[in-house]
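Structure first, commentary second.
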Amino acid sequence: MDPSKDLAAYGYGSVAWKERVENWRQKQEKLQVMKNDLGGKDWDPDGDGPDLPIMDEGRQPLSRKMPIASSRINPYRMIIIIRLVVLGFFFHYRVTHPVKDAFALWLVSVICEIWFALSWILDQFPKWLPIERETYLDRLSLRYEKEGQPSQLAAVDLFVSTVDPLKEPPLVTANTVLSILAVDYPVDKVSCYVSDDGAAMLTFEALSETSEFAKKWIPFCKKFNIEPRAPEWYFAQKIDYLKDKILPSFVKERRAMKREYEEFKVRINALVAKAQKVPEEGWTMQDGTPWPGNNVRDHPGMIQVFLGQSGGHDTDGNELPRLVYVSREKRPGFNHHKKAGAMNALVRVSAVLTNAPYILNLDCDHYINNSKALREGMCFMMDPLLGKKVCYVQFPQRFDGIDRHDRYANRNTVFFDINMKGLDGIQGPIYVGTGCVFRRQALYGYDAPKTKKPPTRTCNCLPKWCCCGFCCTGKKKKKVTKPKPEKKKKGSRRGDGIPPAYALERIEEGVEGVECEKGSIISEQKLEKKFGQSPVFVASTLLENGGALKSASPASLLKEAIHVISCGYEDKTEWGKEVGWIYGSVTEDILTGFKMHCHGWRSIYCIPDRPAFKGSAPINLSDRLNQVLRWALGSVEIFLSWHCPLWYGYGGGLKWLERLSYINSTIYPLTSIPLLAYCTLPAVCLLTGKFITPEGLLKVLAGIDTNFTVTSKSSDDEEFSELYAFKWTTLLIPPTTLLIINLVGVVAGISNAINNGYESWGPLFGKLFFAFWVIVHLYPFLKGLLGRQNRTPTIIIVWSILLASIFSLLWVRIDPFLAKSDGPLLEECGLDCN
């Protein structure tokens, strides 16, 4: 600048800009000098120097996205491309070389192969851009937990769902609740809601015992910083529990706490034993009144606050997190929508009582294994740059009680450690039903916020809202008026002095160069049609940062909470359609996440070094098959519904690769039909002598030496004995039938080759290859069917060999597929042939 010139010649904006640049340059130079003076050492926040490095650390991102190294992912991508090329040549050959003498078998095989190829493509391409993420918990504390000030971390409402205490043991639920109450998070920011959809007095009494034991367990966990904070799994650890413990009182207090827990288990088990026999007049509470939930299908809504800020302290006198028991109303003639309906009831209850901006849902058998799990989720949700568009943070499912061979594939390694990372690189992982932190506003069906790019400024007005109510952008000026609130209606039906939810207009602070647009006014009637007839709940939905109403009394809030869990509350509303957990499928988790992605939200996949949550895996083959069947039926329901990813959500915020992943997750059960047909073809070929490929190919296959490596049959530990318990179910029929058919086909094919001579062995190898391929893939199922290998009775093996030998000899003698000759009968004549 020329000092001789007037500043007006340069303009106010130029002067202000130069001052800002100069100040920024001076700060950067000062920061660089301080870093050089430190000589690479860590900065001491308690020193006398300035705190610029600490402030800089607190402003940095709370998480980091780490793409998979190209040296690792590019070979996989090349394999996908090579496979696509091979598939093209394969289908060209299959279509141009039909098998005329076995046309029906050839046609079925080609149709099945086309379906398998499409299914494989849908499964591969969403894995194209996998990423990993890293969180910075120290930066989260620096930003939101400043010393000497109240914690600014966001509040979290945690949901635990349970139905039948006889199938879901109360002790398991109690451990989950205890791990939640002892989580490493500010106690005034944590609220635990337990949904008892079976209205069982056993669950209520067990929760009462749990709240009393929590007063001793929580201070022990936080004093010694133990992991995990579910007592059953903590005391069952086979590790050195003295590692990293320096307090001499730890051993004594741990021994005392273990004794307290054993006594707690005795009390819980006594309640379970008492509940085995239901009295004829029904259960009665301690005050002599009948238990309201004696009739599971017809009972009022029940809410009980066990712990909270208003009452209940631990043995050290510190406050405890809030613990609330909820059982929604059930009446005959109403569709209660099972788990999805129970979760929506918890959404409304928690909104009325605490209204935390974030929600974490867990199954009753999934405890918090990492006490910092909530902080891990908040590193994404509360990130100023990333968090605004994140609807949920999904953690992988990890399980206890799995044998080292994982014979029932409970770990789902491919899905949780490969597929979900790939989806995180697109728009986010699928919601899997548990271990997920939600943004409450996303559950309400709102669209994701859109990032607006400021247009080029074309005028010299101030970069803020003008006092006259006009904004200049070089275009036509628009008057900005704030709508007047509607008058309160007289004779309001509900409320008890609580102000109703008036229409609000979201008017953001003006940003430089952004054109003013009149906000859309949402009437009270429209909000009630969407969320239901509760002014308290409707008002809570308009609070983006959460928080309960301050003007309402606790009694009035509890009364309103009972109202929002009534049977008819959801009638003529958008609950289950656009709001909350979506109805229409037993796999409501996939459907709910799909709707959020269609609204433009993205999700995050978080894998901490220590697993955030752990659950209980199915303990035997029958339970695992029923679990998979339920998932399959739910996916088919979505595929046949209006929310099918093939046609739903176009024009929204769903990316096309994300859509492919949802299509794959809904049609994969249909693969069982061509799979059954394709696995039956080898046996049919062996029994009929026909084959699905031309004889040229058979000669090639005949020269291939095929080897199969079978898993080691070493014995497992006694702790997994329940894994081998055999329970018959109709789901065992299809795979058992496939095994028998293919085994019979193998015996028949070998017998036919023995009977017909050397020339029949060449074509036989191709047929046996596919039959053995099916049998080997069913080998894990066969292991579960037979139970523990080293305890398989010898008599079974002997009889199997004997029956197979007898069947082979009979087949050689009878052979129903042997061609009958019409020529002369030739008999052996010995030496005299006359």
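Each chain in the structure tokens gets a letter, A, B, ..., in the order shown, and its residues are numbered from 1; ligands are numbered from 1 in order too.
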- Item | Nearby residues (only C-alpha atoms) at most 6 Å from segment 587-595 of chain A, same-chain spacing under 3 positions excluded, as a list in words |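 Neighbouring residues, sequence-local ones excluded: Tyr431, Val432, Gly433, Trp581, Ile582, Cys598 and Gly634 of chain A.
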Would you export the selected residues with all heavy atoms as a short mmCIF file (atom, residue, chain, number, x, y, z; two decimals), in the first residue's frame, please?
```cif
data_model
loop_
_atom_site.label_atom_id
_atom_site.label_comp_id
_atom_site.auth_asym_id
_atom_site.auth_seq_id
_atom_site.Cartn_x
_atom_site.Cartn_y
_atom_site.Cartn_z
N TYR A 431 -27.07 -51.01 8.42
CA TYR A 431 -27.43 -51.14 9.84
C TYR A 431 -27.76 -52.60 10.12
O TYR A 431 -28.60 -53.20 9.45
CB TYR A 431 -28.61 -50.23 10.14
CG TYR A 431 -29.26 -50.44 11.49
CD1 TYR A 431 -28.51 -50.63 12.65
CD2 TYR A 431 -30.65 -50.46 11.62
CE1 TYR A 431 -29.11 -50.82 13.88
CE2 TYR A 431 -31.26 -50.65 12.84
CZ TYR A 431 -30.49 -50.83 13.97
OH TYR A 431 -31.09 -51.03 15.18
N VAL A 432 -27.08 -53.18 11.12
CA VAL A 432 -27.22 -54.62 11.38
C VAL A 432 -28.02 -54.93 12.64
O VAL A 432 -28.02 -56.06 13.11
CB VAL A 432 -25.84 -55.30 11.45
CG1 VAL A 432 -25.13 -55.21 10.12
CG2 VAL A 432 -24.99 -54.70 12.57
N GLY A 433 -28.71 -53.95 13.21
CA GLY A 433 -29.66 -54.24 14.27
C GLY A 433 -29.20 -53.99 15.68
O GLY A 433 -30.02 -53.83 16.58
N TRP A 581 -38.03 -46.71 13.50
CA TRP A 581 -37.75 -48.00 12.87
C TRP A 581 -38.89 -48.34 11.92
O TRP A 581 -40.07 -48.24 12.26
CB TRP A 581 -37.61 -49.08 13.94
CG TRP A 581 -36.22 -49.27 14.44
CD1 TRP A 581 -35.35 -50.26 14.12
CD2 TRP A 581 -35.50 -48.44 15.38
NE1 TRP A 581 -34.15 -50.10 14.78
CE2 TRP A 581 -34.22 -48.99 15.56
CE3 TRP A 581 -35.82 -47.29 16.07
CZ2 TRP A 581 -33.26 -48.44 16.41
CZ3 TRP A 581 -34.87 -46.73 16.91
CH2 TRP A 581 -33.61 -47.30 17.07
N ILE A 582 -38.55 -48.76 10.71
CA ILE A 582 -39.54 -48.95 9.64
C ILE A 582 -40.16 -50.34 9.76
O ILE A 582 -39.47 -51.34 9.98
CB ILE A 582 -38.89 -48.78 8.26
CG1 ILE A 582 -38.16 -47.42 8.20
CG2 ILE A 582 -39.94 -48.84 7.17
CD1 ILE A 582 -39.03 -46.22 8.48
N CYS A 598 -31.54 -43.26 1.74
CA CYS A 598 -32.35 -42.64 0.67
C CYS A 598 -32.63 -41.17 0.95
O CYS A 598 -32.91 -40.40 0.02
CB CYS A 598 -33.68 -43.40 0.53
SG CYS A 598 -33.52 -45.03 -0.22
N GLY A 634 -36.80 -62.03 6.20
CA GLY A 634 -36.91 -60.57 6.28
C GLY A 634 -36.41 -59.89 5.01
O GLY A 634 -37.01 -58.93 4.53
#
```
- For segment 194-209 of chain A, please output as a ChimeraX atom specification all residues within 8 Å (counting only C-alpha atoms; exclusion window: fewer than 5 positions along the same chain). /A:159-165,170-171,174,264,267-268,271-272,275,283,291,293-294,296,306,323-328,342-343,346
Export C-alpha atoms of the chosen residues as a short mmCIF file (atom, residue, chain, number, x, y, z; two decimals), in the first residue's frame?
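That gives us selection16.cif:
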```
data_model
loop_
_atom_site.label_atom_id
_atom_site.label_comp_id
_atom_site.auth_asym_id
_atom_site.auth_seq_id
_atom_site.Cartn_x
_atom_site.Cartn_y
_atom_site.Cartn_z
CA PHE A 159 -31.79 -48.79 24.43
CA VAL A 160 -31.82 -52.44 25.54
CA SER A 161 -34.60 -54.63 24.14
CA THR A 162 -35.83 -57.89 25.66
CA VAL A 163 -38.98 -60.01 25.29
CA ASP A 164 -38.95 -63.37 27.03
CA PRO A 165 -36.85 -63.76 30.22
CA PRO A 170 -32.22 -62.04 33.15
CA LEU A 171 -28.59 -62.46 34.24
CA ALA A 174 -28.33 -57.55 33.86
CA PHE A 264 -26.11 -61.09 43.20
CA ARG A 267 -30.57 -63.61 44.02
CA ILE A 268 -31.18 -63.45 40.26
CA LEU A 271 -36.02 -65.07 40.96
CA VAL A 272 -35.71 -67.26 37.85
CA ALA A 275 -40.81 -67.66 37.98
CA TRP A 283 -48.11 -62.41 40.08
CA TRP A 291 -48.75 -57.20 38.54
CA GLY A 293 -48.54 -57.40 33.06
CA ASN A 294 -50.10 -60.71 34.12
CA VAL A 296 -49.01 -60.43 28.22
CA PHE A 306 -34.79 -46.91 39.03
CA LEU A 323 -32.04 -46.38 34.43
CA VAL A 324 -35.63 -46.66 33.19
CA TYR A 325 -37.85 -49.74 32.80
CA VAL A 326 -40.39 -49.47 29.95
CA SER A 327 -43.16 -51.85 28.93
CA ARG A 328 -45.46 -50.43 26.29
CA ALA A 342 -40.89 -51.59 20.82
CA MET A 343 -37.91 -49.55 19.58
CA LEU A 346 -38.43 -46.23 23.38
#
```
- Note on the structure: Using only C-alpha atoms, the residue out of A:Leu140, A:Ile82, A:Ile418, A:Cys112 with shortest distance to Trp128 of chain A is A:Ile418
- Message: Could you list, as JSON, numbers by chain, every residue within 12 Å of Ile81 of chain A, counting only C-alpha atoms and ignoring same-chain residues fewer than 6 positions away?
- Response: {"A": [74, 75, 87, 88, 121, 124, 125, 128]}
- Please run DSSP on the backbone and report, as a PyMOL selection string, all residues within segment 159-225 of chain A that come out as strand (DSSP E or B). chain A and resi 159-162+190-196
Go ahead and save the residues from that selection, with N, CA, C and O atoms, as a CSV table (one decimal), in the first residue's frame.
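again.csv written:
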```csv
chain,number,residue,atom,x,y,z
A,159,PHE,N,-30.6,-47.9,24.4
A,159,PHE,CA,-31.8,-48.8,24.4
A,159,PHE,C,-31.4,-50.3,24.5
A,159,PHE,O,-30.4,-50.7,23.8
A,160,VAL,N,-32.0,-51.0,25.4
A,160,VAL,CA,-31.8,-52.4,25.5
A,160,VAL,C,-33.2,-53.1,25.4
A,160,VAL,O,-34.1,-52.7,26.1
A,161,SER,N,-33.3,-54.0,24.4
A,161,SER,CA,-34.6,-54.6,24.1
A,161,SER,C,-34.6,-56.1,24.6
A,161,SER,O,-33.6,-56.8,24.3
A,162,THR,N,-35.7,-56.5,25.2
A,162,THR,CA,-35.8,-57.9,25.7
A,162,THR,C,-37.3,-58.3,25.6
A,162,THR,O,-38.2,-57.4,25.7
A,190,VAL,N,-25.7,-40.0,30.3
A,190,VAL,CA,-26.1,-41.3,30.0
A,190,VAL,C,-27.4,-41.7,30.6
A,190,VAL,O,-27.7,-41.5,31.8
A,191,SER,N,-28.3,-42.3,29.8
A,191,SER,CA,-29.6,-42.8,30.2
A,191,SER,C,-29.8,-44.1,29.6
A,191,SER,O,-29.7,-44.3,28.3
A,192,CYS,N,-30.2,-45.1,30.4
A,192,CYS,CA,-30.4,-46.5,29.9
A,192,CYS,C,-31.9,-46.8,30.0
A,192,CYS,O,-32.4,-46.8,31.1
A,193,TYR,N,-32.4,-47.2,28.8
A,193,TYR,CA,-33.9,-47.6,28.8
A,193,TYR,C,-33.9,-49.0,28.4
A,193,TYR,O,-33.4,-49.5,27.4
A,194,VAL,N,-34.6,-49.8,29.3
A,194,VAL,CA,-34.8,-51.2,29.1
A,194,VAL,C,-36.2,-51.5,28.6
A,194,VAL,O,-37.2,-51.2,29.4
A,195,SER,N,-36.4,-52.0,27.4
A,195,SER,CA,-37.7,-52.3,26.9
A,195,SER,C,-38.1,-53.8,27.2
A,195,SER,O,-37.4,-54.7,26.7
A,196,ASP,N,-39.1,-54.0,28.0
A,196,ASP,CA,-39.6,-55.3,28.3
A,196,ASP,C,-40.9,-55.6,27.6
A,196,ASP,O,-42.0,-55.2,28.0
```
- Message: Using only C-alpha atoms, can you tell me which of A:Arg143, A:Leu84, A:Val579, A:Lys100 comes closest to Pro384 of chain A?
- Response: A:Arg143
- Item | Distance criterion (only C-alpha atoms): nearest to Leu657 of chain A out of A:Asp123, A:Glu280, A:Arg398, A:Pro608 |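 Among the listed residues, the smallest separation from Leu657 of chain A belongs to A:Asp123.
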- Query: Between A:Tyr662, A:Tyr144, A:Trp647, A:Tyr668, which one has atoms that come closest to Trp631 of chain A, using only C-alpha atoms?
  - Reply: A:Tyr668
- Item | Sel. of alpha helix (DSSP H) residues, segment 528-646 of chain A, as a PyMOL selection string | chain A and resi 528-531+535-541+554-564+588-598+621-639
- Item | segment 601-604 of chain A environment, 9 Å, only C-alpha atoms, sequence neighbours closer than 6 positions dropped, as a PyMOL selection string | chain A and resi 133+380+389-395+424+426-431+442+447-449+593+653-654
Residues of segment 294-394 of chain A that have any atom at most 7 Å from an atom of segment 546-565 of chain A: could you tabulate them with the shortest-distance atom pair and the distance in Å to one decimal, using only C-alpha atoms, ordered by chain and increasing number, as CSV?
```
residue,atom,partner,partner_atom,distance
A:Gly301,CA,A:Ile562,CA,6.1
A:Arg328,CA,A:Ile565,CA,5.1
A:Glu329,CA,A:Ile565,CA,6.2
A:Ala345,CA,A:Ile565,CA,5.4
A:Arg348,CA,A:Val564,CA,6.2
A:Val349,CA,A:Ala561,CA,5.1
A:Val352,CA,A:Ala561,CA,6.1
A:Leu353,CA,A:Ala548,CA,6.2
A:Thr354,CA,A:Ala548,CA,5.1
A:Asn355,CA,A:Gly547,CA,5.1
A:Ala356,CA,A:Gly546,CA,5.1
A:Pro357,CA,A:Gly546,CA,4.7
```
